[in-house]
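Peer 1: Input: one structure, supplied below.
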Amino acid sequence: MLIKYNEPLSAYTTFRIGGAARTLLFPENRAELIDVLRAYPQAPVLGKGSNVLAPDVGIPGEVVCTLLCCGIARDCETLTADCGAALAALANFAAESGLSGLEFAAGIPGSLGGAIRMNAGAYGGEMSQVVTSVEVYGRSTGAVVRYADSDFGYRHSRYAASDEVILSAVLTLKPGNPGEIRQKQKEYNLRRREKQPLEYPSAGSSFKRPQGYYAAELIDKAGCKGMQVGGAQVSEKHAGFIVNLGGAASSDVEALMKLVAEQVRGQFGVELEPEVVSW
């Protein structure tokens with residue numbers, strides 16, 4: 001399989017931040033992925049890196065990257081896809097197949113595995129609405145298991161705090177008009193471009209939505225919009241995003257997130273929980 005040495009993780013995260021991984025492995029299918037996980041049981045697993053803050057010092061060992069493990073197959077109204085399949089590619093495949101239900105995912109820059117792990121969602125849709133079963137590899141047991149119940153919640157699934165690595169999933173969709181599906185995707189993507197700071201690298205929403213509030217609104221009202229630490233900034237376009245203006249370090253982002261959380265806690269008594277995963 002493809003193996004790269006001393007490879008900068010900044011090239012594999014949407015934040016464009018992260019030092020080098022000593023060894024970066026790219027399994028190309030489910031069998032290779034299982035083999036690699038068995039060979040390197042402690043190696044972190046990286047998908048498209050859209051919700052990850054990689055450390056400046058890098059990873060002094062192996063990292064498994066699922067980008068090439070991206071097969072997609074259709075059977076009537078279901079799609080079976082490998083964990084590394086890009087959500088955008090999956091949404092486009094569904095649209096071309098005349099299947100509706102994944103329109104919300106067309107602009108989410110993540111992989112299927114990562115999206116299931118955090119129950120990613122947008123515009124009223126989320127993965128829990130379409131995922132019907134998930135196949136995982138248990139690092140502690142060495143067993144491959146399929147779950148029908150993923151214990152989905154807001155930005156949560158049973159896999160978020162377990163040692164299980166998602167291998168593939170089955171998604172059940174509904175028949176739809178391809179033209180109407182495409183139109184809805186275009187509308188969602190237009191709203192993203194209008195409201196989100198897509199011109200800068202970021203990891204999407206920095207904080208989860210506190211119950212009864214909107215994180216971006218609290219951050220804005222706390223006077224944090226435009227706040228900056230090093231190359232990291234609270235976006236002036238959307239306060240829910242921390243962006244990399246250029247040359248930002250992971251320590252810059254972490255320090256800025258801490259400042260923002262302190263400001264919001266001090267002014268509103270609300271605890272902000274990070275949505276970005278810091279390695």
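Starting from 1 in every chain, residues are counted up; chains themselves are A, B, ... following the order of the structure tokens, and ligands are numbered from 1 as listed.
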Show me, as a PyMOL selection string, the residues that have an atom within 10 Å of Arg74 of chain A when counting only C-alpha atoms, minus same-chain residues fewer than 2 positions from it.
Peer 2: chain A and resi 72+76-81+93-94+97+170-171
Peer 1: For the selection just defined, write its residues with C-alpha atoms to a file, as a JSON list (two decimals), in the first residue's frame.
Peer 2:
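File produced: selection32.json:
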```json
[["chain", "number", "residue", "atom", "x", "y", "z"],
["A", 72, "ILE", "CA", -19.40, 3.29, -2.72],
["A", 76, "CYS", "CA", -31.94, -0.21, -4.61],
["A", 77, "GLU", "CA", -32.47, 2.54, -2.01],
["A", 78, "THR", "CA", -29.38, 1.80, 0.09],
["A", 79, "LEU", "CA", -25.77, 2.85, -0.28],
["A", 80, "THR", "CA", -22.90, 0.91, 1.25],
["A", 81, "ALA", "CA", -19.72, 2.95, 1.59],
["A", 93, "PHE", "CA", -23.46, 9.63, -5.93],
["A", 94, "ALA", "CA", -26.87, 9.64, -4.25],
["A", 97, "SER", "CA", -28.79, 7.71, -8.43],
["A", 170, "VAL", "CA", -25.10, 1.29, 5.13],
["A", 171, "LEU", "CA", -27.26, 4.34, 4.42]]
```
Peer 1: Contacts of Ala169 of chain A at 9 Å or less, counting only C-alpha atoms, minus same-chain residues fewer than 6 places along, as a PyMOL selection string?
Peer 2: chain A and resi 79-83+112-113+116+131-136+146
Peer 1: Include C-alpha atoms and write out the residues we just selected as a PDB file, in the first residue's frame.
Peer 2:
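Final output, saved to result_30.pdb:
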```
ATOM      1  CA  LEU A  79     -25.773   2.853  -0.279  1.00  0.00           C
ATOM      2  CA  THR A  80     -22.898   0.908   1.252  1.00  0.00           C
ATOM      3  CA  ALA A  81     -19.716   2.952   1.590  1.00  0.00           C
ATOM      4  CA  ASP A  82     -16.256   2.640   3.091  1.00  0.00           C
ATOM      5  CA  CYS A  83     -15.270   4.913   5.958  1.00  0.00           C
ATOM      6  CA  LEU A 112     -18.138   9.126   6.146  1.00  0.00           C
ATOM      7  CA  GLY A 113     -16.339   7.609   9.147  1.00  0.00           C
ATOM      8  CA  ILE A 116     -20.749   9.082  11.688  1.00  0.00           C
ATOM      9  CA  VAL A 131     -27.333   5.604   8.660  1.00  0.00           C
ATOM     10  CA  THR A 132     -28.962   2.228   9.295  1.00  0.00           C
ATOM     11  CA  SER A 133     -25.943   0.087  10.206  1.00  0.00           C
ATOM     12  CA  VAL A 134     -22.248   0.578  10.889  1.00  0.00           C
ATOM     13  CA  GLU A 135     -19.426  -1.953  10.630  1.00  0.00           C
ATOM     14  CA  VAL A 136     -16.535  -1.429  13.051  1.00  0.00           C
ATOM     15  CA  ARG A 146     -21.937  -4.518  12.776  1.00  0.00           C
TER      16      ARG A 146
END
```
Peer 1: So that each row is one residue of segment 100-199 of chain A with an atom at most 12 Å from segment 268-277 of chain A, can you give its shortest atom pair and the distance in Å to one decimal, using only C-alpha atoms, rows by chain and rising number, as CSV?
Peer 2:
```
residue,atom,partner,partner_atom,distance
A:Gly114,CA,A:Val277,CA,10.9
A:Arg117,CA,A:Val277,CA,11.5
A:Met118,CA,A:Glu275,CA,8.9
A:Asn119,CA,A:Glu275,CA,11.5
A:Ala120,CA,A:Glu275,CA,10.5
A:Tyr154,CA,A:Glu275,CA,10.9
A:Arg155,CA,A:Glu275,CA,8.0
A:His156,CA,A:Glu275,CA,10.3
A:Ala160,CA,A:Val277,CA,10.5
A:Ala161,CA,A:Val277,CA,11.9
```
Peer 1: Can you pull out every residue within 12 Å of Val63 of chain A, counting only C-alpha atoms, but drop anything in the same chain fewer than 2 positions away, and send it as an MDAnalysis selection string?
Peer 2: chainID A and resid 3:9 12 20:27 33 36:37 39:47 54 58:61 65:66 279
Peer 1: For the residues selected in the previous step, produce a file with N, CA and C atoms as a short mmCIF file (atom, residue, chain, number, x, y, z; two decimals), in the first residue's frame.
Peer 2:
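Once everything was written out, this is result09.cif:
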```cif
data_model
loop_
_atom_site.label_atom_id
_atom_site.label_comp_id
_atom_site.auth_asym_id
_atom_site.auth_seq_id
_atom_site.Cartn_x
_atom_site.Cartn_y
_atom_site.Cartn_z
N ILE A 3 2.67 4.27 1.39
CA ILE A 3 3.20 4.68 2.69
C ILE A 3 4.07 5.91 2.48
N LYS A 4 3.86 6.94 3.30
CA LYS A 4 4.68 8.14 3.23
C LYS A 4 5.37 8.35 4.58
N TYR A 5 6.60 8.83 4.52
CA TYR A 5 7.38 9.03 5.73
C TYR A 5 7.62 10.51 5.98
N ASN A 6 7.60 10.88 7.29
CA ASN A 6 7.81 12.28 7.69
C ASN A 6 6.92 13.22 6.86
N GLU A 7 5.65 12.85 6.80
CA GLU A 7 4.67 13.57 5.99
C GLU A 7 3.93 14.61 6.84
N PRO A 8 3.93 15.88 6.44
CA PRO A 8 3.25 16.91 7.24
C PRO A 8 1.75 16.69 7.29
N LEU A 9 1.20 16.65 8.50
CA LEU A 9 -0.24 16.47 8.66
C LEU A 9 -1.01 17.71 8.23
N TYR A 12 -3.16 17.32 5.30
CA TYR A 12 -4.29 16.39 5.38
C TYR A 12 -5.36 16.87 6.37
N ALA A 20 4.75 16.75 11.23
CA ALA A 20 4.88 15.53 10.43
C ALA A 20 4.51 14.28 11.20
N ALA A 21 3.89 13.35 10.50
CA ALA A 21 3.71 11.99 11.01
C ALA A 21 4.92 11.18 10.57
N ARG A 22 5.49 10.42 11.49
CA ARG A 22 6.67 9.63 11.12
C ARG A 22 6.34 8.66 9.99
N THR A 23 5.17 8.02 10.09
CA THR A 23 4.73 7.09 9.04
C THR A 23 3.23 7.29 8.80
N LEU A 24 2.88 7.56 7.56
CA LEU A 24 1.47 7.75 7.20
C LEU A 24 1.08 6.64 6.23
N LEU A 25 0.13 5.81 6.65
CA LEU A 25 -0.27 4.63 5.87
C LEU A 25 -1.62 4.84 5.23
N PHE A 26 -1.77 4.40 3.98
CA PHE A 26 -2.99 4.63 3.21
C PHE A 26 -3.59 3.31 2.72
N PRO A 27 -4.31 2.58 3.57
CA PRO A 27 -4.99 1.37 3.10
C PRO A 27 -6.02 1.73 2.02
N LEU A 33 -7.32 -2.05 5.59
CA LEU A 33 -7.52 -1.22 6.78
C LEU A 33 -7.49 -2.08 8.04
N VAL A 36 -3.92 -3.14 8.82
CA VAL A 36 -3.12 -2.05 9.38
C VAL A 36 -3.49 -1.79 10.83
N LEU A 37 -4.78 -1.83 11.13
CA LEU A 37 -5.22 -1.59 12.51
C LEU A 37 -4.73 -2.69 13.44
N ALA A 39 -1.92 -4.38 12.91
CA ALA A 39 -0.47 -4.22 13.01
C ALA A 39 -0.09 -3.05 13.90
N TYR A 40 -0.90 -1.99 13.88
CA TYR A 40 -0.60 -0.78 14.65
C TYR A 40 -1.82 -0.41 15.50
N PRO A 41 -2.05 -1.13 16.59
CA PRO A 41 -3.27 -0.94 17.37
C PRO A 41 -3.39 0.41 18.07
N GLN A 42 -2.28 1.14 18.20
CA GLN A 42 -2.33 2.44 18.86
C GLN A 42 -2.37 3.61 17.87
N ALA A 43 -2.26 3.33 16.59
CA ALA A 43 -2.16 4.42 15.61
C ALA A 43 -3.47 5.19 15.50
N PRO A 44 -3.41 6.52 15.55
CA PRO A 44 -4.63 7.31 15.32
C PRO A 44 -5.09 7.16 13.88
N VAL A 45 -6.39 7.35 13.67
CA VAL A 45 -6.98 7.20 12.33
C VAL A 45 -7.48 8.56 11.86
N LEU A 46 -7.08 8.93 10.67
CA LEU A 46 -7.43 10.22 10.09
C LEU A 46 -8.24 10.01 8.82
N GLY A 47 -9.36 10.73 8.70
CA GLY A 47 -10.14 10.70 7.48
C GLY A 47 -9.75 11.87 6.60
N ALA A 54 -4.35 18.98 14.48
CA ALA A 54 -3.16 18.14 14.65
C ALA A 54 -2.06 18.93 15.36
N GLY A 58 3.76 17.16 15.51
CA GLY A 58 3.51 15.99 14.69
C GLY A 58 3.22 14.76 15.54
N ILE A 59 3.24 13.59 14.89
CA ILE A 59 2.98 12.31 15.55
C ILE A 59 4.24 11.44 15.37
N PRO A 60 4.93 11.09 16.47
CA PRO A 60 6.18 10.32 16.37
C PRO A 60 5.95 8.83 16.18
N GLY A 61 5.03 8.49 15.30
CA GLY A 61 4.71 7.08 15.07
C GLY A 61 3.86 6.96 13.83
N CYS A 65 -4.42 6.75 7.44
CA CYS A 65 -5.26 7.69 6.71
C CYS A 65 -6.20 6.91 5.78
N THR A 66 -7.49 7.15 5.88
CA THR A 66 -8.48 6.35 5.16
C THR A 66 -8.90 6.95 3.82
N TRP A 279 -5.73 16.50 18.75
CA TRP A 279 -4.93 15.30 18.96
C TRP A 279 -3.85 15.58 19.99
#
```
Peer 1: Using DSSP assignments from the backbone, pull out every residue in segment 98-229 of chain A that falls under alpha helix (DSSP H) and give it to me as number ranges by chain.
Peer 2: A: 112-117, 178-195, 215-221
Peer 1: Could you save the residues just selected, with N, CA and C atoms, as a PDB file, in the first residue's frame?
Peer 2:
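And here's selection33.pdb as it stands now:
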```
ATOM      1  N   LEU A 112     -16.988   9.819   5.571  1.00  0.00           N
ATOM      2  CA  LEU A 112     -18.138   9.126   6.146  1.00  0.00           C
ATOM      3  C   LEU A 112     -17.847   8.673   7.572  1.00  0.00           C
ATOM      4  N   GLY A 113     -16.672   8.086   7.806  1.00  0.00           N
ATOM      5  CA  GLY A 113     -16.339   7.609   9.147  1.00  0.00           C
ATOM      6  C   GLY A 113     -16.362   8.717  10.177  1.00  0.00           C
ATOM      7  N   GLY A 114     -15.713   9.838   9.849  1.00  0.00           N
ATOM      8  CA  GLY A 114     -15.706  10.970  10.769  1.00  0.00           C
ATOM      9  C   GLY A 114     -17.084  11.541  10.987  1.00  0.00           C
ATOM     10  N   ALA A 115     -17.884  11.594   9.919  1.00  0.00           N
ATOM     11  CA  ALA A 115     -19.235  12.150  10.017  1.00  0.00           C
ATOM     12  C   ALA A 115     -20.123  11.290  10.909  1.00  0.00           C
ATOM     13  N   ILE A 116     -19.969   9.967  10.825  1.00  0.00           N
ATOM     14  CA  ILE A 116     -20.749   9.082  11.688  1.00  0.00           C
ATOM     15  C   ILE A 116     -20.278   9.203  13.129  1.00  0.00           C
ATOM     16  N   ARG A 117     -18.981   9.261  13.322  1.00  0.00           N
ATOM     17  CA  ARG A 117     -18.417   9.344  14.676  1.00  0.00           C
ATOM     18  C   ARG A 117     -18.991  10.536  15.440  1.00  0.00           C
ATOM     19  N   PRO A 178     -33.672  13.697  -9.434  1.00  0.00           N
ATOM     20  CA  PRO A 178     -32.279  14.156  -9.445  1.00  0.00           C
ATOM     21  C   PRO A 178     -32.134  15.666  -9.590  1.00  0.00           C
ATOM     22  N   GLY A 179     -32.965  16.283 -10.427  1.00  0.00           N
ATOM     23  CA  GLY A 179     -32.897  17.731 -10.610  1.00  0.00           C
ATOM     24  C   GLY A 179     -33.225  18.487  -9.339  1.00  0.00           C
ATOM     25  N   GLU A 180     -34.257  18.039  -8.627  1.00  0.00           N
ATOM     26  CA  GLU A 180     -34.640  18.686  -7.378  1.00  0.00           C
ATOM     27  C   GLU A 180     -33.585  18.476  -6.295  1.00  0.00           C
ATOM     28  N   ILE A 181     -32.988  17.285  -6.290  1.00  0.00           N
ATOM     29  CA  ILE A 181     -31.929  17.003  -5.316  1.00  0.00           C
ATOM     30  C   ILE A 181     -30.729  17.919  -5.565  1.00  0.00           C
ATOM     31  N   ARG A 182     -30.334  18.045  -6.825  1.00  0.00           N
ATOM     32  CA  ARG A 182     -29.218  18.925  -7.190  1.00  0.00           C
ATOM     33  C   ARG A 182     -29.517  20.373  -6.825  1.00  0.00           C
ATOM     34  N   GLN A 183     -30.739  20.799  -7.040  1.00  0.00           N
ATOM     35  CA  GLN A 183     -31.114  22.179  -6.739  1.00  0.00           C
ATOM     36  C   GLN A 183     -31.006  22.458  -5.237  1.00  0.00           C
ATOM     37  N   LYS A 184     -31.441  21.501  -4.446  1.00  0.00           N
ATOM     38  CA  LYS A 184     -31.347  21.685  -2.995  1.00  0.00           C
ATOM     39  C   LYS A 184     -29.881  21.732  -2.558  1.00  0.00           C
ATOM     40  N   GLN A 185     -29.041  20.895  -3.160  1.00  0.00           N
ATOM     41  CA  GLN A 185     -27.617  20.930  -2.847  1.00  0.00           C
ATOM     42  C   GLN A 185     -27.019  22.291  -3.186  1.00  0.00           C
ATOM     43  N   LYS A 186     -27.378  22.837  -4.339  1.00  0.00           N
ATOM     44  CA  LYS A 186     -26.869  24.145  -4.749  1.00  0.00           C
ATOM     45  C   LYS A 186     -27.303  25.237  -3.779  1.00  0.00           C
ATOM     46  N   GLU A 187     -28.555  25.161  -3.326  1.00  0.00           N
ATOM     47  CA  GLU A 187     -29.059  26.156  -2.377  1.00  0.00           C
ATOM     48  C   GLU A 187     -28.293  26.100  -1.062  1.00  0.00           C
ATOM     49  N   TYR A 188     -28.049  24.896  -0.559  1.00  0.00           N
ATOM     50  CA  TYR A 188     -27.291  24.751   0.688  1.00  0.00           C
ATOM     51  C   TYR A 188     -25.864  25.270   0.524  1.00  0.00           C
ATOM     52  N   ASN A 189     -25.230  24.945  -0.593  1.00  0.00           N
ATOM     53  CA  ASN A 189     -23.848  25.376  -0.813  1.00  0.00           C
ATOM     54  C   ASN A 189     -23.754  26.887  -0.990  1.00  0.00           C
ATOM     55  N   LEU A 190     -24.770  27.487  -1.594  1.00  0.00           N
ATOM     56  CA  LEU A 190     -24.798  28.942  -1.724  1.00  0.00           C
ATOM     57  C   LEU A 190     -24.901  29.592  -0.350  1.00  0.00           C
ATOM     58  N   ARG A 191     -25.744  29.037   0.518  1.00  0.00           N
ATOM     59  CA  ARG A 191     -25.861  29.568   1.876  1.00  0.00           C
ATOM     60  C   ARG A 191     -24.539  29.442   2.627  1.00  0.00           C
ATOM     61  N   ARG A 192     -23.823  28.348   2.413  1.00  0.00           N
ATOM     62  CA  ARG A 192     -22.513  28.180   3.056  1.00  0.00           C
ATOM     63  C   ARG A 192     -21.541  29.266   2.610  1.00  0.00           C
ATOM     64  N   ARG A 193     -21.488  29.485   1.297  1.00  0.00           N
ATOM     65  CA  ARG A 193     -20.548  30.478   0.773  1.00  0.00           C
ATOM     66  C   ARG A 193     -20.878  31.886   1.264  1.00  0.00           C
ATOM     67  N   GLU A 194     -22.171  32.167   1.443  1.00  0.00           N
ATOM     68  CA  GLU A 194     -22.578  33.496   1.881  1.00  0.00           C
ATOM     69  C   GLU A 194     -22.278  33.732   3.357  1.00  0.00           C
ATOM     70  N   LYS A 195     -22.403  32.684   4.182  1.00  0.00           N
ATOM     71  CA  LYS A 195     -22.337  32.874   5.629  1.00  0.00           C
ATOM     72  C   LYS A 195     -21.053  32.392   6.284  1.00  0.00           C
ATOM     73  N   ALA A 215     -23.784  29.015  19.729  1.00  0.00           N
ATOM     74  CA  ALA A 215     -22.414  29.356  20.113  1.00  0.00           C
ATOM     75  C   ALA A 215     -21.935  30.629  19.424  1.00  0.00           C
ATOM     76  N   ALA A 216     -22.197  30.754  18.134  1.00  0.00           N
ATOM     77  CA  ALA A 216     -21.715  31.918  17.381  1.00  0.00           C
ATOM     78  C   ALA A 216     -22.293  33.216  17.936  1.00  0.00           C
ATOM     79  N   GLU A 217     -23.572  33.171  18.321  1.00  0.00           N
ATOM     80  CA  GLU A 217     -24.222  34.372  18.853  1.00  0.00           C
ATOM     81  C   GLU A 217     -23.605  34.775  20.189  1.00  0.00           C
ATOM     82  N   LEU A 218     -23.348  33.788  21.059  1.00  0.00           N
ATOM     83  CA  LEU A 218     -22.722  34.076  22.351  1.00  0.00           C
ATOM     84  C   LEU A 218     -21.320  34.647  22.165  1.00  0.00           C
ATOM     85  N   ILE A 219     -20.554  34.052  21.244  1.00  0.00           N
ATOM     86  CA  ILE A 219     -19.186  34.496  20.991  1.00  0.00           C
ATOM     87  C   ILE A 219     -19.174  35.923  20.456  1.00  0.00           C
ATOM     88  N   ASP A 220     -20.111  36.214  19.563  1.00  0.00           N
ATOM     89  CA  ASP A 220     -20.229  37.557  18.999  1.00  0.00           C
ATOM     90  C   ASP A 220     -20.589  38.563  20.091  1.00  0.00           C
ATOM     91  N   LYS A 221     -21.603  38.248  20.896  1.00  0.00           N
ATOM     92  CA  LYS A 221     -22.048  39.158  21.950  1.00  0.00           C
ATOM     93  C   LYS A 221     -20.982  39.355  23.026  1.00  0.00           C
TER      94      LYS A 221
END
```
Peer 1: Go through A:Lys225, A:Arg16, A:Lys174, A:Lys258 one by one, measure the shortest atom-to-atom distance of each to His238 of chain A using only C-alpha atoms, and give the residue with the smallest value.
Peer 2: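 Smallest separation from His238 of chain A among the options: A:Lys225.
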